[in-house]
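So this block is upload.cif, mmCIF, C-alpha atoms:
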data_my_file
#
loop_
_atom_site.label_atom_id
_atom_site.label_comp_id
_atom_site.auth_asym_id
_atom_site.auth_seq_id
_atom_site.Cartn_x
_atom_site.Cartn_y
_atom_site.Cartn_z
CA GLY A 1 -0.24 9.17 9.94
CA ASP A 2 -0.12 6.99 6.87
CA SER A 3 -1.06 3.35 7.22
CA VAL A 4 -1.60 0.26 5.09
CA THR A 5 -3.89 -2.64 5.93
CA GLN A 6 -3.72 -5.87 3.98
CA MET A 7 -5.52 -9.14 4.40
CA GLU A 8 -4.22 -11.56 6.98
CA GLY A 9 -2.55 -14.67 5.73
CA PRO A 10 -1.48 -17.24 5.12
CA VAL A 11 -3.32 -17.86 1.88
CA THR A 12 -3.13 -21.32 0.33
CA LEU A 13 -4.31 -21.86 -3.24
CA SER A 14 -4.16 -24.62 -5.77
CA GLU A 15 -2.23 -24.02 -8.97
CA GLU A 16 -4.25 -22.10 -11.60
CA ALA A 17 -6.61 -20.64 -8.98
CA PHE A 18 -7.55 -16.95 -8.95
CA LEU A 19 -5.75 -14.76 -6.45
CA THR A 20 -6.91 -11.62 -4.68
CA ILE A 21 -5.01 -9.99 -1.85
CA ASN A 22 -6.82 -6.99 -0.42
CA CYS A 23 -5.03 -3.80 0.47
CA THR A 24 -6.50 -0.55 1.79
CA TYR A 25 -4.67 2.55 2.87
CA THR A 26 -4.98 5.75 4.86
CA ALA A 27 -2.94 8.71 3.71
CA THR A 28 -3.02 12.43 3.30
CA GLY A 29 -2.27 13.90 -0.06
CA TYR A 30 -1.69 11.75 -3.12
CA PRO A 31 0.56 8.78 -2.38
CA SER A 32 2.00 6.34 -4.87
CA LEU A 33 1.08 2.71 -4.22
CA PHE A 34 3.23 -0.39 -4.57
CA TRP A 35 3.21 -4.13 -4.29
CA TYR A 36 6.49 -5.74 -3.30
CA VAL A 37 7.17 -9.49 -3.25
CA GLN A 38 9.59 -11.39 -1.04
CA TYR A 39 10.60 -14.87 -2.12
CA PRO A 40 11.94 -17.22 0.58
CA GLY A 41 15.35 -16.17 1.86
CA GLU A 42 15.51 -13.04 -0.29
CA GLY A 43 14.99 -9.32 0.01
CA LEU A 44 11.92 -7.54 -1.30
CA GLN A 45 11.54 -6.68 -4.96
CA LEU A 46 9.08 -4.42 -6.66
CA LEU A 47 6.21 -6.26 -8.32
CA LEU A 48 4.16 -3.32 -9.60
CA LYS A 49 3.21 0.24 -8.80
CA ALA A 50 0.67 2.96 -9.57
CA THR A 51 1.28 6.64 -9.10
CA LYS A 52 -2.17 8.21 -9.45
CA ALA A 53 -5.85 7.42 -9.13
CA ASP A 54 -7.26 4.93 -11.66
CA ASP A 55 -3.79 3.84 -12.75
CA LYS A 56 -3.35 0.10 -13.18
CA GLY A 57 0.00 -1.46 -12.40
CA SER A 58 0.79 -4.83 -13.93
CA ASN A 59 3.69 -7.27 -14.07
CA LYS A 60 4.15 -11.05 -14.45
CA GLY A 61 0.37 -11.55 -14.74
CA PHE A 62 -0.35 -9.60 -11.54
CA GLU A 63 -2.50 -6.47 -11.61
CA ALA A 64 -3.65 -3.82 -9.16
CA THR A 65 -5.72 -0.67 -9.71
CA TYR A 66 -5.35 2.51 -7.65
CA ARG A 67 -8.87 3.25 -6.38
CA LYS A 68 -8.97 6.59 -4.61
CA GLU A 69 -12.70 6.43 -3.88
CA THR A 70 -12.29 3.21 -1.89
CA THR A 71 -8.65 3.87 -0.87
CA SER A 72 -7.72 0.43 -2.13
CA PHE A 73 -5.04 -1.26 -4.21
CA HIS A 74 -6.01 -4.93 -4.36
CA LEU A 75 -3.59 -7.39 -5.98
CA GLU A 76 -5.02 -9.93 -8.44
CA LYS A 77 -3.77 -12.72 -10.66
CA GLY A 78 -5.93 -14.88 -12.82
CA SER A 79 -3.98 -18.14 -12.57
CA VAL A 80 -1.33 -18.63 -9.90
CA GLN A 81 1.67 -20.91 -10.21
CA VAL A 82 3.75 -22.70 -7.61
CA SER A 83 6.53 -20.22 -8.34
CA ASP A 84 4.28 -17.38 -7.06
CA SER A 85 4.61 -18.71 -3.50
CA ALA A 86 6.01 -15.77 -1.56
CA VAL A 87 5.11 -13.00 0.87
CA TYR A 88 3.40 -9.99 -0.72
CA PHE A 89 3.59 -6.50 0.77
CA CYS A 90 1.41 -3.56 -0.07
CA ALA A 91 3.08 -0.18 0.47
CA LEU A 92 2.56 3.52 -0.07
CA SER A 93 5.03 6.29 -0.53
CA GLY A 94 5.16 9.25 1.78
CA SER A 95 2.26 11.39 0.68
CA GLY A 96 3.19 14.52 2.57
CA SER A 97 6.09 16.89 2.26
CA GLY A 98 9.39 16.94 4.06
CA ALA A 99 10.70 13.85 5.81
CA GLY A 100 7.48 11.90 5.35
CA SER A 101 7.84 11.98 1.60
CA TYR A 102 10.95 9.79 1.76
CA GLN A 103 9.34 6.89 3.53
CA LEU A 104 7.57 3.80 2.31
CA THR A 105 4.86 2.60 4.68
CA PHE A 106 4.36 -1.17 4.44
CA GLY A 107 1.51 -3.45 5.29
CA LYS A 108 2.28 -6.49 7.41
CA GLY A 109 2.55 -8.84 4.47
CA THR A 110 0.47 -11.75 3.20
CA LYS A 111 2.07 -15.14 2.77
CA LEU A 112 0.88 -17.03 -0.30
CA SER A 113 1.45 -20.74 -0.75
CA VAL A 114 0.49 -22.35 -4.05
CA ILE A 115 0.20 -26.13 -4.11
CA PRO A 116 0.40 -28.28 -7.26
CA ASN B 1 25.94 -5.11 -11.26
CA ALA B 2 25.79 -6.58 -7.77
CA GLY B 3 22.87 -4.29 -6.83
CA VAL B 4 22.54 -3.94 -3.06
CA THR B 5 24.76 -6.12 -0.90
CA GLN B 6 24.76 -6.54 2.86
CA THR B 7 27.33 -7.94 5.25
CA PRO B 8 27.19 -10.01 7.31
CA LYS B 9 24.32 -12.35 6.43
CA PHE B 10 23.97 -13.72 9.96
CA ARG B 11 25.19 -12.59 13.35
CA VAL B 12 24.64 -13.59 16.95
CA LEU B 13 25.41 -11.04 19.66
CA LYS B 14 25.25 -11.00 23.41
CA THR B 15 23.33 -8.25 25.17
CA GLY B 16 25.48 -5.13 25.42
CA GLN B 17 27.78 -5.95 22.51
CA SER B 18 28.14 -3.63 19.58
CA MET B 19 28.28 -4.24 15.85
CA THR B 20 28.04 -2.55 12.49
CA LEU B 21 26.06 -3.73 9.49
CA LEU B 22 27.37 -2.68 6.11
CA CYS B 23 25.26 -1.92 3.07
CA ALA B 24 26.75 -1.21 -0.33
CA GLN B 25 25.08 -0.32 -3.64
CA ASP B 26 26.63 0.04 -7.07
CA MET B 27 23.73 1.76 -8.83
CA ASN B 28 24.77 5.32 -8.00
CA HIS B 29 21.58 5.83 -6.03
CA GLU B 30 21.18 8.93 -3.91
CA TYR B 31 18.79 7.53 -1.34
CA MET B 32 19.47 4.67 1.03
CA TYR B 33 17.37 3.13 3.79
CA TRP B 34 17.62 0.71 6.70
CA TYR B 35 14.55 -1.34 7.67
CA ARG B 36 13.89 -4.02 10.21
CA GLN B 37 11.45 -6.86 9.57
CA ASP B 38 9.72 -8.57 12.46
CA PRO B 39 7.05 -11.29 12.30
CA GLY B 40 3.59 -9.79 11.83
CA MET B 41 4.98 -6.25 11.68
CA GLY B 42 5.95 -5.77 8.07
CA LEU B 43 8.97 -3.56 7.47
CA ARG B 44 9.68 -0.52 9.59
CA LEU B 45 12.09 2.24 8.64
CA ILE B 46 14.97 2.77 11.06
CA HIS B 47 17.04 5.50 9.38
CA TYR B 48 17.50 6.81 5.91
CA SER B 49 19.85 9.00 3.91
CA VAL B 50 19.11 11.33 1.02
CA GLY B 51 22.73 11.74 0.01
CA GLU B 52 26.36 11.40 0.99
CA GLY B 53 26.98 12.91 4.41
CA THR B 54 23.29 13.12 5.36
CA THR B 55 21.16 10.90 7.59
CA ALA B 56 17.72 11.15 9.16
CA LYS B 57 15.53 9.22 11.58
CA GLY B 58 12.76 6.95 10.46
CA GLU B 59 9.95 5.32 12.39
CA VAL B 60 12.03 3.27 14.87
CA PRO B 61 15.48 4.90 15.28
CA ASP B 62 16.13 4.33 18.99
CA GLY B 63 19.17 2.18 19.74
CA TYR B 64 20.66 2.59 16.25
CA ASN B 65 23.07 4.98 14.59
CA VAL B 66 23.97 5.34 10.93
CA SER B 67 26.59 6.94 8.76
CA ARG B 68 26.86 7.70 5.04
CA LEU B 69 30.45 8.77 4.50
CA LYS B 70 30.49 7.50 0.91
CA LYS B 71 27.59 7.61 -1.53
CA GLN B 72 27.70 3.87 -2.13
CA ASN B 73 27.81 2.79 1.53
CA PHE B 74 25.32 3.08 4.38
CA LEU B 75 26.32 1.71 7.78
CA LEU B 76 23.97 0.75 10.60
CA GLY B 77 25.43 0.56 14.09
CA LEU B 78 24.17 -0.95 17.29
CA GLU B 79 26.14 0.48 20.20
CA SER B 80 24.71 -1.74 22.94
CA ALA B 81 22.60 -4.55 21.55
CA ALA B 82 19.38 -5.59 23.28
CA PRO B 83 17.21 -8.70 22.74
CA SER B 84 14.49 -6.41 21.31
CA GLN B 85 16.82 -5.77 18.38
CA THR B 86 16.66 -9.39 17.29
CA SER B 87 15.31 -9.03 13.77
CA VAL B 88 16.06 -9.27 10.08
CA TYR B 89 17.60 -6.06 8.77
CA PHE B 90 17.20 -4.93 5.19
CA CYS B 91 19.02 -2.19 3.40
CA ALA B 92 17.49 -0.56 0.34
CA SER B 93 18.39 2.16 -2.12
CA SER B 94 16.53 4.25 -4.65
CA TYR B 95 17.49 6.70 -7.34
CA ARG B 96 15.69 9.62 -5.79
CA THR B 97 12.65 9.54 -3.54
CA ALA B 98 10.31 6.89 -2.17
CA TRP B 99 8.27 7.33 -5.37
CA ASP B 100 11.04 5.51 -7.20
CA GLU B 101 11.52 1.77 -6.92
CA GLN B 102 13.51 0.74 -3.89
CA PHE B 103 16.05 -2.02 -4.44
CA PHE B 104 16.58 -4.27 -1.45
CA GLY B 105 19.55 -6.24 -0.22
CA PRO B 106 19.25 -9.89 0.83
CA GLY B 107 19.04 -9.08 4.54
CA THR B 108 21.00 -9.69 7.73
CA ARG B 109 19.54 -11.96 10.37
CA LEU B 110 20.61 -10.72 13.80
CA THR B 111 20.00 -12.55 17.05
CA VAL B 112 20.73 -10.86 20.37
CA LEU B 113 20.93 -13.23 23.32
#
Let me see whether you can do it: turn the structure in this file into structure tokens.
Amino acid sequence: GDSVTQMEGPVTLSEEAFLTINCTYTATGYPSLFWYVQYPGEGLQLLLKATKADDKGSNKGFEATYRKETTSFHLEKGSVQVSDSAVYFCALSGSGSGAGSYQLTFGKGTKLSVIP
Amino acid sequence: NAGVTQTPKFRVLKTGQSMTLLCAQDMNHEYMYWYRQDPGMGLRLIHYSVGEGTTAKGEVPDGYNVSRLKKQNFLLGLESAAPSQTSVYFCASSYRTAWDEQFFGPGTRLTVL
């Protein structure tokens, strides 16, 4: 079945440091890929997405490129801020047909803490 | 627009008790989902619905039941709570399929003693 593997956390960075959170996936077909962010005490919200190979999703200074050859969707930001402290989840949409196409498969999440 | 709301926010149950979690969305979305979030496990899909009157099982459906009598509401029931159901429960909705953005509620923290 589909699966998502993302780097273990927690990750602690100083403000203005470069961020990379690795995400790789296993899926049949052609899934869409997502990064969701969960701020403390809140539900998840979509950060960015890419729907086909070589697409780049971007939002709020974060970027991720859909790499089919390496089955990866790594999240990057050039200069993190304290306000970026949150848990980040990589996810893929159901790549098959039928019931599987309705499901998002999530990675386990990576907690990011940014210190001033 | 309130988006996706969940009630209650917190609940403590004793083993064997029952309860219902309510999810409501005001975005006219067709699809609704219930997830549970456990430490180190990410989110796992319990049940989902692709429209009013329809429900289907997700990855971890055992011990839960759901109903979607109205398009805007999606109820999650625990008939006989067990300590293994201690978790944070999130409801989500999307316009159509999982390819569309899912909008999440703020969560319900449930503890089963």
Hits from the PyMOL selection byres ((chain A and resi 29-46) around 6), listed as a list in words: Thr28, Leu47, Leu48, Lys49, Ala50, Thr51, Ala86, Val87, Tyr88, Phe89, Cys90, Ala91, Leu92, Ser93 and Ser95 of chain A; Phe104, Gly105 and Pro106 of chain B
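Taken over the shown file, the PyMOL selection byres ((chain A and resi 16) around 7) identifies Ser14, Glu15, Ala17, Phe18, Ser79, Val80 and Gln81 of chain A.
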If the cut-off is 12 Å, can you tell me the residues of chain B near chain A, counting all atoms listed in the file? I'd like them as an MDAnalysis selection string. chainID B and resid 3:6 9 30:50 55:59 88:109
Suppose a student applies the PyMOL selection byres ((chain A and resi 63-73) around 6) to this structure; what residues should they get, written as a PDB file with C-alpha atoms, in the frame of the given file?
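Now in expr_36.pdb:
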ATOM      1  CA  CYS A  23      -5.030  -3.800   0.470  1.00  0.00           C
ATOM      2  CA  THR A  24      -6.500  -0.550   1.790  1.00  0.00           C
ATOM      3  CA  TYR A  25      -4.670   2.550   2.870  1.00  0.00           C
ATOM      4  CA  ALA A  53      -5.850   7.420  -9.130  1.00  0.00           C
ATOM      5  CA  ASP A  54      -7.260   4.930 -11.660  1.00  0.00           C
ATOM      6  CA  ASP A  55      -3.790   3.840 -12.750  1.00  0.00           C
ATOM      7  CA  LYS A  56      -3.350   0.100 -13.180  1.00  0.00           C
ATOM      8  CA  GLY A  57       0.000  -1.460 -12.400  1.00  0.00           C
ATOM      9  CA  SER A  58       0.790  -4.830 -13.930  1.00  0.00           C
ATOM     10  CA  PHE A  62      -0.350  -9.600 -11.540  1.00  0.00           C
ATOM     11  CA  HIS A  74      -6.010  -4.930  -4.360  1.00  0.00           C
ATOM     12  CA  LEU A  75      -3.590  -7.390  -5.980  1.00  0.00           C
ATOM     13  CA  GLU A  76      -5.020  -9.930  -8.440  1.00  0.00           C
TER      14      GLU A  76
END
Give me, as a PyMOL selection string, all polymer residues having an atom no more than 8 Å from Gly16 (chain B), counting only C-alpha atoms and skipping those fewer than 5 positions away in the same chain. chain B and resi 79-82
Do you have the CA of Met7 (chain A)-CA of Pro61 (chain B) distance handy? 27.5 Å
Which centre and which edge lengths, in Å to one decimal, describe the axis-aligned box that holds all listed atoms of region 63-66 of chain B after 4 Å is added on each side, as lines of an AutoDock Vina configuration file?
center_x = 21.6
center_y = 3.8
center_z = 15.3
size_x = 12.8
size_y = 11.2
size_z = 16.8
Any idea what's packed within 7 Å of Asn65 (chain B), counting all atoms listed in the file, ignoring anything in its chain fewer than 2 positions away? Could you give it as a short mmCIF file (atom, residue, chain, number, x, y, z; two decimals) with C-alpha atoms, in the frame of the given file?
data_model
loop_
_atom_site.label_atom_id
_atom_site.label_comp_id
_atom_site.auth_asym_id
_atom_site.auth_seq_id
_atom_site.Cartn_x
_atom_site.Cartn_y
_atom_site.Cartn_z
CA LEU B 76 23.97 0.75 10.60
CA GLY B 77 25.43 0.56 14.09
CA LEU B 78 24.17 -0.95 17.29
#
